[in-house]
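Please read the structure below before turning to the comments.
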Amino acid sequence: MMSSFNPPEGVVTAQVIPQDQGRSYRPSTLGRTLVIVFLGLFLMGSLFVNVLLVAALGLSGFEPSKVREKHFSHNSSASDKVAILSLEGLILDGEGFAKDQIDQVMKDESVKAAVLRVDSPGGTVTGSDYILHHLKKMRSERDIPVVVSMGSIAASGGYYVSMAVGDTPRSIFAEPTTWTGSIGVIIPHYDAAELAAKLGIKEDSVASHRLKGMGSFLRPMTEEERAIFQQLVEDSFSRFKEIVRDGRPRFRQKPEELDKLATGQVFTAQQAKDSGLVDEIGFLEDAVDRAIELAGLDPQEVNVIRYRREPTLADLFLGETMSARLPHAEWDWRVLFDAAVPRPFYLFSRLPVLVDSGR
């Protein structure tokens with residue numbers, strides 16, 4: 001049995017009231033501040049990520065590509081220049097940084113000689129010929145000597161563009177570890193007919209003529225198609241050898257020697273020198289010295305420069321090394337369609353070309 005407690009008269013008791021009774025909660029000033037800071041940081045982070053993505057995709061691509069000079073050696077205050085032009089990686093359409101460097105030499109009257117630094121396995125027939133054409137035009141219109149310095153590889157199209165030196169003696173230098181040569185033409189083709197049959201895929205194209213779809217990888221190549229492609233290869237191959245004879249007087253006098261070398265084989269630097277494909281074994285500095293000599297310049301009064309790409313937003317945010325590893329904006333469906341187009345290559349490679357140049 002419960003009994004109630006009544007306090008004596010005159011004694012005041014305290015009444016306990018629950019804390020949440022009769023009170024409505026509102027966020028404190030500190031809480032509101034934290035929410036605002038969090039949202040601000042989130043928005044800033046989102047903006048920063050989007051800027052990086054735009055930079056990685058090459059915002060600078062909307063503007064004409066530019067090059068900048070960087071002092072390489074000798075006298076940085078001299079007025080006469082020797083320019084080092086870089087040709088690196090696959091040669092596809094011939095446009096891009098390689099062409100930009102040539103254009104820069106064309107408009108810079110202070111450039112008295114050029115050194116073409118080649119580190120390329122080659123590329124398309126048309127792209128290689130395009131670069132060679134503009135190099136020869138630069139040499140002729142500017143009336144300057146061109147010397148080639150080969151890096152790790154200067155094969156096929158990389159060797160083709162090296163013929164820009166013309167008849168100039170002692171003008172092609174290969175490093176001791178260079179691979180060069182690979183004089184030949186290839187049209188990549190892959191027969192996936194058996195795989196397609198297993199997957200239940202068959203070609204069902206509608207064409208104006210049976211040869212319109214020649215080269216399809218969903219069926220074996222016919223002998224008629226193979227003969228046509230072979231003739232295309234032979235025509236491009238003949239031009240390759242003609243270009244080599246123009247740049248190597250030795251082979252004009254003895255074309256049979258070139259025929260023995262033009263098998264698509266790559267050669268070491270020493271083998272290339274012994275056979276006349278290159279003139280000297282030496283490094284970039286040796287090629288520069290030869291260019292200075294050919295231009296009749298005073299080594300003490302010449303500024304040797306090297307061209308670099310103008311920095312992009314990706315370079316500024318991520319650094320040039322990191323941004324160079326990011327995919328270019330040219331990676332899209334056009335790349336896949338382009339890879340399916342039969343075309344001849346001056347190329348030392350066993351992989352299909354699935355990248356756009358962007359150079």
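Chains: A, B, ... in order of the structure tokens. Residues: from 1 per chain. Ligands: from 1, in order shown.
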
Leu232 in chain A surroundings by only C-alpha atoms, 10 Å radius, close-in-sequence under 3 positions cut, as a list in words:
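So, after excluding close chain neighbours, the residues are Val185, Ile186, Ile187, Arg226, Ala227, Ile228, Phe229, Asp235, Ser236, Phe237, Arg343 and Pro344 of chain A.
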
Would you write out, as a tab-separated table, a table of all residues in range 225-330 of chain A that have an atom no more than 8 Å from an atom of range 83-101 of chain A, listing for each the closest atom pair and the distance in Å to one decimal, considering only C-alpha atoms and ordering rows by chain and rising residue number?
residue	atom	partner	partner_atom	distance
A:Val304	CA	A:Ala83	CA	6.0
A:Ile305	CA	A:Ala83	CA	5.1
A:Arg306	CA	A:Ile84	CA	4.7
A:Tyr307	CA	A:Leu85	CA	6.3
A:Arg309	CA	A:Phe97	CA	7.1

Taking into account only C-alpha atoms, which residue in the set A:Lys107, A:His189, A:Lys70, A:His134 is nearest to Phe345 in chain A?
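Counting only C-alpha atoms, the residue closest to Phe345 in chain A is A:His189.
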
Per-residue DSSP, range 134-340 of chain A, filtered to alpha helix (DSSP H), as a ChimeraX atom specification
/A:134-142,157-161,193-198,223-247,249-253,255-261,269-275,284-295,313-318,320-323,333-339

Which of these, A:Ala193, A:Val147, A:Val244, A:Ala154, has the shortest distance to Gly215 in chain A once you count only C-alpha atoms?
A:Ala193

May I ask for the distance between CA of Glu225 in chain A and CA of Thr263 in chain A, given in Å to one decimal place?
22.8 Å

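All residues of protein, DNA or RNA that reach within 7 Å of Glu203 in chain A, judged by only C-alpha atoms and not counting those fewer than 2 positions away in the chain, are Ile201, Ser205 and Leu218 of chain A.
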
For a test of reading the model, state the distance in Å between CA of Val266 in chain A and CA of His133 in chain A, rounded to one decimal.
23.9 Å

Residues within 9 Å of Thr180 in chain A, only C-alpha atoms, excluding chain neighbours under 2 positions, as an MDAnalysis selection string:
chainID A and resid 121 150 152:156 158:159 174 178 182:183 265:269 272 277:278

Put those residues in a file: C-alpha atoms, as a compact mmCIF listing (two decimals), in the first residue's frame.
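Listed below is the output, result24.txt:
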# COMPACT_ATOMS: atom_id res chain seq x y z
CA PRO A 121 58.28 3.64 -84.47
CA MET A 150 67.83 9.31 -83.43
CA SER A 152 65.71 4.82 -78.80
CA ILE A 153 63.86 4.00 -82.00
CA ALA A 154 63.62 5.63 -85.43
CA ALA A 155 61.99 2.89 -87.42
CA SER A 156 59.83 2.77 -90.54
CA GLY A 158 60.55 7.41 -88.11
CA TYR A 159 63.32 6.57 -90.58
CA ALA A 174 72.07 7.35 -84.09
CA THR A 178 69.10 3.06 -81.31
CA SER A 182 62.27 -1.25 -90.71
CA ILE A 183 61.89 -0.05 -94.30
CA GLN A 265 63.96 -5.59 -90.51
CA VAL A 266 65.16 -3.29 -87.75
CA PHE A 267 68.88 -2.73 -87.23
CA THR A 268 71.10 -1.72 -84.37
CA ALA A 269 72.98 1.55 -84.59
CA ALA A 272 72.80 0.81 -89.60
CA LEU A 277 71.44 3.83 -93.22
CA VAL A 278 72.97 6.34 -90.78
